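Have a look at target-v8.txt; it's compact mmCIF, C-alpha atoms:
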```txt
# COMPACT_ATOMS: atom_id res chain seq x y z
CA MET A 1 -35.84 -34.00 -23.73
CA SER A 2 -34.22 -37.20 -22.41
CA ASN A 3 -31.05 -37.24 -20.32
CA GLN A 4 -29.19 -38.84 -23.20
CA SER A 5 -30.23 -36.06 -25.57
CA LYS A 6 -29.17 -33.43 -23.02
CA LYS A 7 -25.75 -35.05 -22.69
CA LYS A 8 -25.30 -35.10 -26.46
CA GLN A 9 -26.39 -31.47 -26.76
CA ASN A 10 -23.98 -30.37 -23.98
CA ALA A 11 -21.13 -32.36 -25.53
CA TYR A 12 -21.86 -30.76 -28.91
CA SER A 13 -21.94 -27.30 -27.33
CA VAL A 14 -18.59 -27.85 -25.58
CA GLY A 15 -17.04 -29.18 -28.79
CA ALA A 16 -18.38 -26.21 -30.76
CA ARG A 17 -16.85 -23.76 -28.29
CA LYS A 18 -13.48 -25.52 -28.48
CA LYS A 19 -13.57 -25.28 -32.29
CA ALA A 20 -14.61 -21.63 -32.13
CA PHE A 21 -11.80 -20.76 -29.69
CA PRO A 22 -8.99 -23.24 -30.42
CA TRP A 23 -6.31 -20.93 -28.98
CA ILE A 24 -8.05 -21.01 -25.56
CA VAL A 25 -7.91 -24.79 -25.17
CA PRO A 26 -4.22 -25.00 -24.03
CA PHE A 27 -4.90 -22.41 -21.32
CA ALA A 28 -7.74 -24.57 -19.94
CA SER A 29 -5.38 -27.45 -19.15
CA VAL A 30 -5.69 -29.05 -15.71
CA ARG A 31 -1.92 -29.64 -15.80
CA LEU A 32 -1.43 -25.88 -16.10
CA THR A 33 -3.68 -25.39 -13.08
CA LEU A 34 -1.68 -27.86 -10.99
CA THR A 35 1.61 -26.32 -12.13
CA LEU A 36 0.49 -22.81 -11.20
CA LEU A 37 -0.78 -23.98 -7.81
CA SER A 38 2.55 -25.73 -7.17
CA PHE A 39 4.48 -22.55 -8.01
CA SER A 40 2.09 -20.62 -5.75
CA MET A 41 3.01 -22.85 -2.81
CA ILE A 42 6.69 -22.28 -3.54
CA LEU A 43 6.07 -18.53 -3.71
CA ILE A 44 4.31 -18.55 -0.31
CA PHE A 45 7.14 -20.63 1.22
CA VAL A 46 9.87 -18.32 -0.09
CA ALA A 47 8.01 -15.13 0.85
CA THR A 48 7.44 -16.48 4.37
CA LEU A 49 11.17 -17.09 4.78
CA GLU A 50 12.01 -13.63 3.44
CA GLN A 51 9.75 -11.92 5.97
CA VAL A 52 12.48 -12.49 8.56
CA ARG A 53 14.96 -10.52 6.44
CA ILE A 54 12.90 -7.77 4.82
CA GLY A 55 9.65 -7.75 6.81
CA ILE A 56 6.07 -8.37 5.74
CA ARG A 57 5.82 -5.24 3.59
CA GLY A 58 9.14 -5.97 1.88
CA ALA A 59 8.19 -9.58 1.10
CA GLN A 60 4.82 -8.45 -0.19
CA ALA A 61 6.37 -5.87 -2.52
CA GLU A 62 9.19 -8.16 -3.68
CA TYR A 63 7.24 -11.35 -4.36
CA PHE A 64 3.48 -10.78 -4.39
CA GLU A 65 3.24 -7.32 -6.00
CA SER A 66 5.58 -8.18 -8.87
CA PHE A 67 5.85 -10.51 -11.85
CA TYR A 68 8.96 -12.18 -10.45
CA GLY A 69 11.33 -11.99 -7.51
CA ILE A 70 14.96 -12.98 -6.96
CA TRP A 71 15.62 -15.32 -4.03
CA TYR A 72 18.95 -16.38 -2.58
CA TYR A 73 19.14 -19.73 -0.84
CA PRO A 74 19.67 -19.15 2.94
CA GLU A 75 23.20 -19.82 4.14
CA GLN A 76 21.99 -21.61 7.27
CA PHE A 77 20.22 -24.27 5.18
CA TRP A 78 21.94 -27.44 4.03
CA GLY A 79 24.45 -26.59 1.30
CA GLY A 80 23.91 -22.88 1.87
CA SER A 81 27.60 -22.02 1.68
CA PHE A 82 27.51 -22.91 -2.04
CA LEU A 83 23.89 -22.39 -3.08
CA SER A 84 23.48 -18.98 -1.41
CA MET A 85 25.54 -17.37 -4.18
CA VAL A 86 23.12 -18.47 -6.92
CA PRO A 87 20.18 -16.09 -7.64
CA LEU A 88 16.95 -18.04 -8.10
CA PRO A 89 14.09 -16.37 -10.02
CA ILE A 90 10.69 -16.96 -8.41
CA PRO A 91 7.42 -16.31 -10.30
CA GLY A 92 5.65 -13.39 -8.62
CA GLY A 93 2.08 -12.95 -7.51
CA TYR A 94 1.04 -10.86 -10.51
CA LEU A 95 2.33 -13.49 -12.94
CA LEU A 96 0.86 -16.54 -11.18
CA GLY A 97 -2.40 -14.77 -10.33
CA GLY A 98 -2.83 -13.52 -13.89
CA LEU A 99 -2.19 -16.94 -15.37
CA LEU A 100 -4.60 -18.58 -12.91
CA ILE A 101 -7.31 -16.11 -13.92
CA ILE A 102 -6.70 -16.89 -17.61
CA ASN A 103 -6.68 -20.61 -16.83
CA LEU A 104 -10.00 -20.48 -14.97
CA ILE A 105 -11.67 -18.26 -17.61
CA ALA A 106 -10.49 -20.62 -20.36
CA ALA A 107 -11.86 -23.62 -18.45
CA PHE A 108 -15.09 -21.73 -17.82
CA ILE A 109 -15.54 -21.01 -21.54
CA THR A 110 -14.52 -24.39 -22.95
CA ARG A 111 -16.17 -26.67 -20.37
CA PHE A 112 -19.27 -24.76 -19.30
CA GLN A 113 -22.40 -26.91 -19.52
CA TRP A 114 -25.92 -25.57 -19.21
CA SER A 115 -27.23 -28.31 -16.97
CA GLY A 116 -28.52 -28.39 -13.42
CA LYS A 117 -25.98 -31.04 -12.50
CA LYS A 118 -22.99 -28.85 -13.45
CA MET A 119 -24.42 -25.38 -12.76
CA GLY A 120 -23.11 -25.27 -9.19
CA ILE A 121 -19.57 -26.05 -10.33
CA GLN A 122 -19.69 -23.26 -12.88
CA ILE A 123 -20.94 -20.76 -10.27
CA ILE A 124 -18.07 -21.84 -7.99
CA HIS A 125 -15.60 -21.28 -10.85
CA LEU A 126 -17.04 -17.83 -11.44
CA GLY A 127 -16.71 -17.01 -7.74
CA ILE A 128 -13.05 -18.09 -7.69
CA ILE A 129 -12.34 -16.01 -10.81
CA LEU A 130 -13.87 -12.93 -9.16
CA LEU A 131 -11.93 -13.63 -5.96
CA LEU A 132 -8.62 -13.70 -7.85
CA ILE A 133 -9.49 -10.61 -9.88
CA GLY A 134 -10.51 -8.78 -6.71
CA GLN A 135 -7.28 -9.68 -4.94
CA MET A 136 -5.07 -8.59 -7.84
CA THR A 137 -7.07 -5.38 -8.25
CA THR A 138 -6.71 -4.67 -4.54
CA GLN A 139 -2.95 -5.14 -4.66
CA ALA A 140 -2.69 -2.90 -7.70
CA ILE A 141 -4.92 0.03 -6.67
CA GLN A 142 -5.31 -0.10 -2.88
CA VAL A 143 -3.66 2.88 -1.19
CA GLU A 144 -2.65 2.85 2.48
CA SER A 145 -2.14 6.10 4.35
CA ARG A 146 -2.11 7.46 7.88
CA MET A 147 -3.80 10.34 9.66
CA GLN A 148 -2.38 11.70 12.90
CA ILE A 149 -4.54 14.02 15.01
CA ASN A 150 -3.75 15.78 18.28
CA LYS A 151 -6.45 15.88 20.93
CA GLY A 152 -8.69 18.91 20.51
CA GLU A 153 -7.49 19.50 16.94
CA SER A 154 -8.71 18.42 13.52
CA SER A 155 -6.98 17.21 10.38
CA ASP A 156 -8.06 17.40 6.74
CA TYR A 157 -5.25 15.43 5.11
CA ILE A 158 -3.72 11.96 5.10
CA GLU A 159 -0.11 10.92 4.52
CA ARG A 160 1.27 7.92 2.64
CA PHE A 161 3.26 5.31 4.54
CA HIS A 162 5.81 5.23 1.73
CA GLY A 163 6.89 8.02 -0.56
CA VAL A 164 7.80 11.68 0.00
CA GLU A 165 7.37 15.03 -1.72
CA LEU A 166 9.07 18.42 -1.59
CA ALA A 167 6.49 20.95 -0.41
CA ILE A 168 6.97 24.68 -1.01
CA THR A 169 4.47 26.89 0.83
CA ASP A 170 3.81 30.58 0.26
CA VAL A 171 2.91 31.96 3.71
CA THR A 172 3.13 35.65 2.86
CA ASP A 173 -0.60 36.01 3.54
CA ALA A 174 -1.18 35.15 7.22
CA ASN A 175 -4.77 34.11 6.50
CA ARG A 176 -4.13 31.92 3.50
CA SER A 177 -1.21 29.80 2.34
CA LYS A 178 -0.47 28.32 -1.08
CA VAL A 179 1.24 24.94 -1.31
CA VAL A 180 3.02 23.43 -4.32
CA SER A 181 4.44 19.92 -4.02
CA ILE A 182 6.94 18.02 -6.16
CA PRO A 183 6.48 14.20 -6.02
CA GLU A 184 9.49 11.98 -5.49
CA GLN A 185 9.19 10.60 -9.04
CA LEU A 186 10.56 13.96 -10.26
CA LEU A 187 13.29 14.21 -7.62
CA THR A 188 15.92 12.53 -9.78
CA PRO A 189 19.50 13.74 -9.26
CA GLY A 190 20.42 16.13 -12.07
CA ASN A 191 16.83 17.26 -12.75
CA THR A 192 16.14 20.99 -12.82
CA LEU A 193 12.51 21.72 -11.99
CA ARG A 194 10.46 24.85 -12.53
CA VAL A 195 7.86 25.24 -9.75
CA PRO A 196 4.70 27.24 -10.66
CA GLY A 197 4.45 30.42 -8.57
CA PHE A 198 7.92 29.95 -7.09
CA PRO A 199 10.60 32.43 -8.27
CA PHE A 200 13.44 29.90 -8.26
CA LYS A 201 14.21 26.70 -10.07
CA VAL A 202 15.02 23.57 -8.06
CA ARG A 203 18.03 21.50 -9.11
CA VAL A 204 18.18 18.07 -7.47
CA GLN A 205 21.64 17.04 -6.32
CA SER A 206 20.90 13.94 -4.26
CA PHE A 207 17.79 12.03 -3.18
CA GLY A 208 17.15 8.81 -1.28
CA PRO A 209 14.31 7.00 0.53
CA ASN A 210 16.23 6.50 3.77
CA CYS A 211 19.31 7.73 5.61
CA ASN A 212 21.16 7.86 8.90
CA PHE A 213 22.22 11.29 10.15
CA ASP A 214 24.31 12.85 12.89
CA PHE A 215 25.78 16.21 13.88
CA LYS A 216 29.35 17.29 13.16
CA GLU A 217 31.40 20.01 14.82
CA SER A 218 32.39 21.60 11.51
CA ALA A 219 31.24 21.61 7.90
CA ASP A 220 34.46 19.87 6.76
CA GLN A 221 33.57 16.80 8.84
CA ARG A 222 30.27 16.26 7.07
CA SER A 223 29.77 13.48 4.53
CA GLU A 224 30.29 14.13 0.84
CA ILE A 225 26.53 14.34 0.22
CA THR A 226 25.97 17.21 2.65
CA ARG A 227 29.37 18.92 2.55
CA GLY A 228 28.16 21.50 0.04
CA VAL A 229 24.98 22.40 1.98
CA ASN A 230 25.25 26.07 2.94
CA GLN A 231 21.65 27.10 3.68
CA GLY A 232 18.92 26.06 6.10
CA ILE A 233 18.98 23.54 8.94
CA GLY A 234 21.49 21.27 7.22
CA ALA A 235 24.09 24.06 7.34
CA SER A 236 23.31 25.49 10.79
CA ALA A 237 23.21 22.05 12.46
CA ASN A 238 26.18 20.64 10.47
CA LEU A 239 24.19 17.57 9.51
CA SER A 240 25.99 14.62 7.95
CA LEU A 241 24.06 11.92 6.10
CA THR A 242 24.73 8.29 5.27
CA PRO A 243 22.36 6.91 2.59
CA MET A 244 20.55 3.66 3.45
CA ASP A 245 18.22 1.28 1.64
CA GLU A 246 14.53 1.62 2.39
CA ASP A 247 13.56 -0.59 5.31
CA PHE A 248 10.28 -2.49 4.82
CA SER A 249 10.19 -4.15 8.25
CA ASN A 250 7.20 -3.60 10.55
CA ASP A 251 9.01 -1.23 12.93
CA ALA A 252 10.96 0.59 10.23
CA ALA A 253 11.52 4.35 10.36
CA ASN A 254 12.64 5.61 6.95
CA PHE A 255 14.04 9.14 6.80
CA GLY A 256 13.91 10.28 3.18
CA TYR A 257 16.37 13.02 2.27
CA LEU A 258 16.87 15.59 -0.48
CA VAL A 259 19.81 17.85 -1.28
CA PHE A 260 18.89 20.58 -3.77
CA GLN A 261 19.99 23.92 -5.14
CA LEU A 262 17.86 26.98 -5.74
CA ILE A 263 18.61 28.83 -8.98
CA ASN A 264 17.44 32.32 -9.91
CA GLY A 265 18.16 32.67 -13.62
CA SER A 266 21.88 31.98 -13.88
CA GLU A 267 22.55 32.77 -10.21
CA GLU A 268 22.79 30.00 -7.60
CA MET A 269 20.93 30.88 -4.38
CA GLY A 270 22.45 28.20 -2.16
CA THR A 271 22.25 24.48 -1.45
CA TRP A 272 19.68 23.11 0.99
CA LEU A 273 19.07 19.84 2.82
CA ALA A 274 15.62 18.50 3.69
CA VAL A 275 14.84 15.32 5.61
CA ALA A 276 11.37 13.81 6.06
CA HIS A 277 10.35 12.42 9.45
CA PRO A 278 8.29 9.21 9.00
CA ALA A 279 5.89 10.21 11.82
CA GLY A 280 5.42 13.77 10.57
CA ASN A 281 7.79 16.70 10.54
CA ASP A 282 6.26 18.15 13.69
CA ARG A 283 8.04 15.29 15.53
CA TRP A 284 11.56 16.59 14.82
CA LYS A 285 11.58 18.51 18.10
CA PHE A 286 11.47 15.21 19.99
CA ILE A 287 14.72 14.09 18.33
CA HIS A 288 16.75 17.27 18.79
CA ALA A 289 16.00 20.96 19.24
CA LYS A 290 18.29 21.83 16.31
CA LEU A 291 16.04 19.89 13.94
CA GLU A 292 12.76 21.52 14.91
CA GLY A 293 12.99 23.91 11.97
CA MET A 294 13.13 21.04 9.46
CA SER A 295 9.34 21.32 9.11
CA PHE A 296 9.63 24.91 7.84
CA GLN A 297 12.87 26.17 6.34
CA PRO A 298 12.15 29.83 5.51
CA LEU A 299 13.18 31.69 2.40
CA ARG A 300 12.52 35.42 1.88
CA HIS A 301 12.67 37.04 -1.55
CA GLN A 302 11.14 40.21 -2.98
CA GLY A 303 8.81 40.75 -0.03
CA LYS A 304 7.47 37.18 0.01
CA LEU A 305 8.05 34.37 2.49
CA TRP A 306 8.22 30.71 1.55
CA GLY A 307 8.72 27.61 3.65
CA MET A 308 10.25 24.40 2.33
CA GLU A 309 10.07 20.86 3.70
CA LEU A 310 10.42 17.25 2.57
CA ARG A 311 7.42 15.35 3.89
CA SER A 312 5.34 12.22 3.38
CA ILE A 313 3.06 12.44 0.33
CA ARG A 314 -0.17 14.12 1.36
CA GLU A 315 -3.71 13.91 0.10
CA TYR A 316 -6.02 16.70 1.18
CA LEU A 317 -9.64 15.78 1.92
CA PRO A 318 -12.83 17.83 1.37
CA TYR A 319 -13.75 17.11 5.01
CA SER A 320 -11.92 16.97 8.33
CA ILE A 321 -11.83 14.77 11.44
CA GLU A 322 -11.63 16.29 14.92
CA LEU A 323 -10.26 14.27 17.83
CA VAL A 324 -12.47 14.89 20.89
CA LYS A 325 -11.26 12.25 23.33
CA ILE A 326 -9.05 9.15 23.43
CA GLU A 327 -9.17 6.16 25.74
CA ASN A 328 -7.04 3.06 26.02
CA GLU A 329 -7.34 -0.06 28.15
CA PHE A 330 -4.70 -2.61 29.10
CA TYR A 331 -4.86 -6.19 30.29
CA GLN A 332 -4.77 -6.17 34.07
CA GLY A 333 -1.22 -6.18 35.44
CA THR A 334 0.41 -5.75 32.01
CA ASP A 335 1.22 -3.01 29.51
CA ILE A 336 -0.35 -5.00 26.66
CA PRO A 337 -3.11 -2.91 25.02
CA HIS A 338 -6.59 -4.34 25.23
CA ASN A 339 -8.52 -1.63 23.45
CA PHE A 340 -7.98 1.75 21.80
CA GLU A 341 -10.84 4.18 21.36
CA SER A 342 -10.96 7.53 19.59
CA HIS A 343 -14.02 9.75 19.95
CA VAL A 344 -14.12 11.95 16.87
CA ASN A 345 -16.29 14.44 15.05
CA LEU A 346 -16.53 14.09 11.29
CA ASN A 347 -16.85 17.61 9.91
CA LEU A 348 -18.72 17.12 6.66
CA GLU A 349 -18.47 19.21 3.52
CA SER A 350 -21.95 20.63 4.12
CA GLY A 351 -20.90 22.08 7.48
CA GLN A 352 -22.67 19.41 9.49
CA LYS A 353 -20.95 17.25 12.12
CA ARG A 354 -21.27 13.53 12.73
CA LYS A 355 -19.99 11.90 15.89
CA ALA A 356 -18.17 8.57 15.60
CA LEU A 357 -16.30 6.12 17.78
CA VAL A 358 -13.28 4.41 16.21
CA TYR A 359 -11.74 1.39 17.90
CA MET A 360 -10.23 -1.99 17.05
CA ASN A 361 -12.11 -3.73 14.21
CA THR A 362 -14.69 -0.92 14.15
CA PRO A 363 -13.49 1.66 11.60
CA LEU A 364 -14.99 4.88 10.32
CA ARG A 365 -16.03 4.82 6.65
CA HIS A 366 -16.64 7.92 4.56
CA ARG A 367 -16.47 8.68 0.83
CA GLY A 368 -14.60 5.52 -0.17
CA LYS A 369 -12.03 5.67 2.63
CA THR A 370 -11.87 3.52 5.75
CA PHE A 371 -10.23 4.85 8.93
CA TYR A 372 -8.91 2.13 11.26
CA GLN A 373 -7.53 2.68 14.75
CA TYR A 374 -3.80 2.18 14.22
CA GLN A 375 -1.80 3.76 17.04
CA MET A 376 -2.41 5.89 20.09
CA ASN A 377 -0.35 7.84 22.59
CA LYS A 378 -2.52 8.94 25.50
CA ALA A 379 0.40 10.61 27.28
CA ALA A 380 1.04 12.84 24.27
CA ASP A 381 -2.70 13.13 23.51
CA TYR A 382 -2.73 12.06 19.87
CA THR A 383 -4.10 9.22 17.82
CA VAL A 384 -3.14 7.70 14.47
CA PHE A 385 -5.56 6.19 11.97
CA GLN A 386 -4.65 3.84 9.17
CA VAL A 387 -6.57 4.96 6.10
CA ILE A 388 -7.42 2.50 3.34
CA ARG A 389 -8.81 3.36 -0.08
CA ASN A 390 -9.87 0.23 -1.92
CA PRO A 391 -12.43 0.78 -4.72
CA SER A 392 -12.74 -3.00 -5.26
CA TRP A 393 -13.68 -3.84 -1.66
CA LEU A 394 -17.08 -5.23 -2.72
CA VAL A 395 -15.63 -7.79 -5.15
CA PRO A 396 -14.53 -10.35 -2.48
CA TYR A 397 -17.99 -10.21 -0.88
CA ILE A 398 -19.68 -10.86 -4.23
CA ALA A 399 -17.22 -13.69 -4.92
CA CYS A 400 -17.93 -15.31 -1.53
CA ILE A 401 -21.69 -15.07 -2.17
CA LEU A 402 -21.23 -16.80 -5.53
CA LEU A 403 -19.10 -19.52 -3.92
CA SER A 404 -21.76 -20.09 -1.27
CA VAL A 405 -24.55 -20.20 -3.86
CA GLY A 406 -22.55 -22.62 -6.01
CA LEU A 407 -21.79 -24.96 -3.12
CA LEU A 408 -25.40 -24.82 -1.91
CA TRP A 409 -26.69 -25.50 -5.43
CA GLN A 410 -24.35 -28.44 -5.96
CA PHE A 411 -25.06 -29.96 -2.56
CA SER A 412 -28.83 -29.48 -2.88
CA PHE A 413 -28.93 -30.94 -6.40
CA HIS A 414 -27.12 -34.13 -5.37
CA LEU A 415 -29.14 -34.38 -2.17
CA ILE A 416 -32.46 -34.15 -4.04
CA TYR A 417 -31.19 -36.64 -6.64
CA PHE A 418 -30.18 -39.06 -3.87
CA LEU A 419 -33.51 -38.74 -2.05
CA ARG A 420 -35.47 -39.33 -5.26
CA LYS A 421 -33.37 -42.38 -6.00
CA GLN A 422 -33.92 -43.74 -2.50
CA SER A 423 -37.69 -43.17 -2.75
CA LYS A 424 -37.82 -45.11 -6.03
CA VAL A 425 -35.87 -47.99 -4.51
CA SER A 426 -38.06 -48.09 -1.40
CA GLY A 427 -41.21 -47.81 -3.52
```

Please lay out the structure from this file as structure tokens.
Amino acid sequence: MSNQSKKKQNAYSVGARKKAFPWIVPFASVRLTLTLLSFSMILIFVATLEQVRIGIRGAQAEYFESFYGIWYYPEQFWGGSFLSMVPLPIPGGYLLGGLLIINLIAAFITRFQWSGKKMGIQIIHLGIILLLIGQMTTQAIQVESRMQINKGESSDYIERFHGVELAITDVTDANRSKVVSIPEQLLTPGNTLRVPGFPFKVRVQSFGPNCNFDFKESADQRSEITRGVNQGIGASANLSLTPMDEDFSNDAANFGYLVFQLINGSEEMGTWLAVAHPAGNDRWKFIHAKLEGMSFQPLRHQGKLWGMELRSIREYLPYSIELVKIENEFYQGTDIPHNFESHVNLNLESGQKRKALVYMNTPLRHRGKTFYQYQMNKAADYTVFQVIRNPSWLVPYIACILLSVGLLWQFSFHLIYFLRKQSKVSG
């Protein structure tokens, strides 16, 4: 088949696809692509500015993990005294990313040509589509958690960086405990919750993701939120709370709080206060001795003993990690960390052990989770891992391979064509 016939056949094929899918054609517009890319640059600019105010995590949640965000013009910019009062809607990452994926797929369908000359471009398009899909999937389903382990001990659970739960533990049996947790989605003020295996109902009075707290000399001096608390640590320590917005900055420490009543039939059994420590409730003792019991507020009833606490959302694992030894190195003459190392034993489900060394950029991977070295305190003999679960982690690698293949194909095709043309001219 001659080149002219191939061109006619490809043009006919493209025209046939456009007639078969006429509603796709507007989405394949190059103008739409340029518009979306322009809005993407605006989004990145705005989100970069907002990192100063709300931190990286806050900017990511507000602008990239949403369909739109609201931005207020900074007062320190020119005309800020007037423009800062006007809310400006900014297209979010989900909206722009979704439209870009649709735009590229539409272009792929309507303009795809089965020819060696264009094959590389189509493979590149496919790689970019997969890259965008992988990024959006990662933002939607990736879960970040932390695991803190003391030296010589092991841990079989991880905790979320954001989000809390009310945990009620039956510790009547010294050899075995039963835990029931209520996620924060159900901790809406006014809700009355029936907990399986727990003799009382839980009525939520107040809940928030962050607070500031202090001690008062008497119950009358406490804030309105905690004035009615008459049981547990909140009552004995005369804690007073001031609700605060959740802080998304890098060094944020959010103390979630919950004020709740226990109800036995029609009888009220008291009002309790629980506060979650962002580094784990076993760290309350380092803030104040009065708060040490916040990790286990006991309740006895009918010969059984329960403990209640508000804590970071936990996920229990079918295996455990034991911290054997930790090491850290600093740049000479400074306190700037050079390297963190955690020597661990991975206690597998089968009863076997596997030794591993976790340090910067060298994580431990097991059963779909990746454990990165996150923090370390050698003086207190504990280490903290950042745990990532990302089922779509292979997609970016596949996309990059396709991009490389497409670029190599396109470059090689034109190079061979050029060399053949030069040989004909020289011959």

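Between atom CA of Cys400 of chain A and atom CA of Leu104 of chain A the interatomic distance comes to 16.4 Å.
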
Query raised in the report: For the atom pair atom CA of Ser312 of chain A and atom CA of Asp214 of chain A, what is the interatomic distance in Å to one decimal place?
Result: 21.2 Å

**Report entry** Minimum-distance residue to Asn377 of chain A, chosen among A:Trp23, A:Trp78, A:Phe340, A:Phe108 (using all atoms listed in the file)
**Finding:**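 The shortest atom-to-atom distance to Asn377 of chain A comes from A:Phe340.
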
Requested in this report: Calculate how many Å separate atom CA of His288 of chain A from atom CA of Asn210 of chain A, rounding to one decimal.
Outcome: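 Between atom CA of His288 of chain A and atom CA of Asn210 of chain A the gap works out to 18.5 Å.
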
Query raised in the report: With all atoms listed in the file as the atoms that count, which of A:Ser177, A:Asn281, A:Gln122, A:Asn191 lies nearest to Leu407 of chain A?
Result: A:Gln122

**Report entry** Residue among A:Asn175, A:Gln60, A:Thr110, A:Gln302 lying closest to Leu43 of chain A, counting all atoms listed in the file
**Finding:**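 Nearest candidate to Leu43 of chain A out of A:Asn175, A:Gln60, A:Thr110, A:Gln302: A:Gln60.
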
Report task. Taking the point (-2.0, 11.9, 2.2) as given in the file, collect each protein or nucleic acid residue that comes within 9 Å of it, counting only C-alpha atoms, and present the set as a PyMOL selection string. Result -> chain A and resi 145-147+157-161+312-317

Same residues, C-alpha atoms, output as a tab-separated table (two decimals), keeping the file's coordinate frame:
```tsv
chain	number	residue	atom	x	y	z
A	145	SER	CA	-2.14	6.10	4.35
A	146	ARG	CA	-2.11	7.46	7.88
A	147	MET	CA	-3.80	10.34	9.66
A	157	TYR	CA	-5.25	15.43	5.11
A	158	ILE	CA	-3.72	11.96	5.10
A	159	GLU	CA	-0.11	10.92	4.52
A	160	ARG	CA	1.27	7.92	2.64
A	161	PHE	CA	3.26	5.31	4.54
A	312	SER	CA	5.34	12.22	3.38
A	313	ILE	CA	3.06	12.44	0.33
A	314	ARG	CA	-0.17	14.12	1.36
A	315	GLU	CA	-3.71	13.91	0.10
A	316	TYR	CA	-6.02	16.70	1.18
A	317	LEU	CA	-9.64	15.78	1.92
```

Could you give me, as a tab-separated table, every segment 107-156 of chain A residue with an atom at most 12 Å from segment 414-418 of chain A, plus its closest atom pair and distance in Å to one decimal, counting all atoms listed in the file, rows ordered by chain then number?
```
residue	atom	partner	partner_atom	distance
A:Gly116	CA	A:His414	CA	10.0
A:Lys117	CA	A:His414	CA	7.9
A:Lys118	CA	A:His414	CA	10.5
A:Met119	CA	A:His414	CA	11.8
A:Gly120	CA	A:His414	CA	10.4
```

**Report entry** Top pick for closest residue to Trp306 of chain A, considering A:Val204, A:Val171, A:Ile129, A:Ala59 and counting only C-alpha atoms
**Finding:**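 Between A:Val204, A:Val171, A:Ile129, A:Ala59, the residue approaching Trp306 of chain A most closely is A:Val171.
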
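Remark: for Phe371 of chain A, the closest of the candidate residues A:Glu144, A:Glu50, A:Glu349, A:Glu165 is A:Glu144 (distances computed over all atoms listed in the file).
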
Query raised in the report: For Leu408 of chain A, which residue among A:Phe330, A:Arg365, A:Ile123, A:Leu357 is the nearest when counting only C-alpha atoms?
Result: A:Ile123

Report task. For segment 222-226 of chain A, please output as a PyMOL selection string all residues within 12 Å (counting all atoms listed in the file; exclusion window: fewer than 2 positions along the same chain). Result -> chain A and resi 189+204-208+211-220+228-243+257-261+271-275

Query raised in the report: Skipping near chain neighbours, those fewer than 4 positions away, what residues fall within 6 Å of Ala276 of chain A using all atoms listed in the file, listed as a list in words?
Result: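 Near Ala276 of chain A, the qualifying residues are Phe255, Gly256, Leu310 and Arg311 of chain A.
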
Just-selected residues, C-alpha atoms written as an mmCIF file, in the coordinates of the input:
```
data_model
loop_
_atom_site.group_PDB
_atom_site.id
_atom_site.type_symbol
_atom_site.label_atom_id
_atom_site.label_comp_id
_atom_site.auth_asym_id
_atom_site.auth_seq_id
_atom_site.Cartn_x
_atom_site.Cartn_y
_atom_site.Cartn_z
ATOM 1 C CA PHE A 255 14.040 9.140 6.800
ATOM 2 C CA GLY A 256 13.910 10.280 3.180
ATOM 3 C CA LEU A 310 10.420 17.250 2.570
ATOM 4 C CA ARG A 311 7.420 15.350 3.890
#
```

Requested in this report: With a distance cut-off of 12 Å and all atoms listed in the file, select the neighbouring residues of His366 of chain A, excluding the residue or stretch itself and same-chain residues fewer than 6 positions from it, and output the selection as a PyMOL selection string.
Outcome: chain A and resi 317-321+346-349+354+356+372+387-389

Put those residues in a file: C-alpha atoms, as a compact mmCIF listing (two decimals), keeping the file's coordinate frame.
```txt
# COMPACT_ATOMS: atom_id res chain seq x y z
CA LEU A 317 -9.64 15.78 1.92
CA PRO A 318 -12.83 17.83 1.37
CA TYR A 319 -13.75 17.11 5.01
CA SER A 320 -11.92 16.97 8.33
CA ILE A 321 -11.83 14.77 11.44
CA LEU A 346 -16.53 14.09 11.29
CA ASN A 347 -16.85 17.61 9.91
CA LEU A 348 -18.72 17.12 6.66
CA GLU A 349 -18.47 19.21 3.52
CA ARG A 354 -21.27 13.53 12.73
CA ALA A 356 -18.17 8.57 15.60
CA TYR A 372 -8.91 2.13 11.26
CA VAL A 387 -6.57 4.96 6.10
CA ILE A 388 -7.42 2.50 3.34
CA ARG A 389 -8.81 3.36 -0.08
```

Query - Test item: which residues lie within 8 Å of (0.9, 15.4, 14.9) counting all atoms listed in the file, as a list of chain:residue names - result: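 The requested residues, written out, are A:Gln148, A:Ile149, A:Asn150, A:Ala279, A:Gly280, A:Asp282, A:Arg283, A:Tyr382.
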
Calculate, to one decimal in Å, the centre and edge lengths of the box along x, y and z of the file that holds all listed atoms of segment 148-159 of chain A with 4 Å of margin on each side, and present them as AutoDock Vina command-line options.
```
--center_x -4.4 --center_y 15.2 --center_z 12.7 --size_x 16.6 --size_y 16.6 --size_z 24.4
```
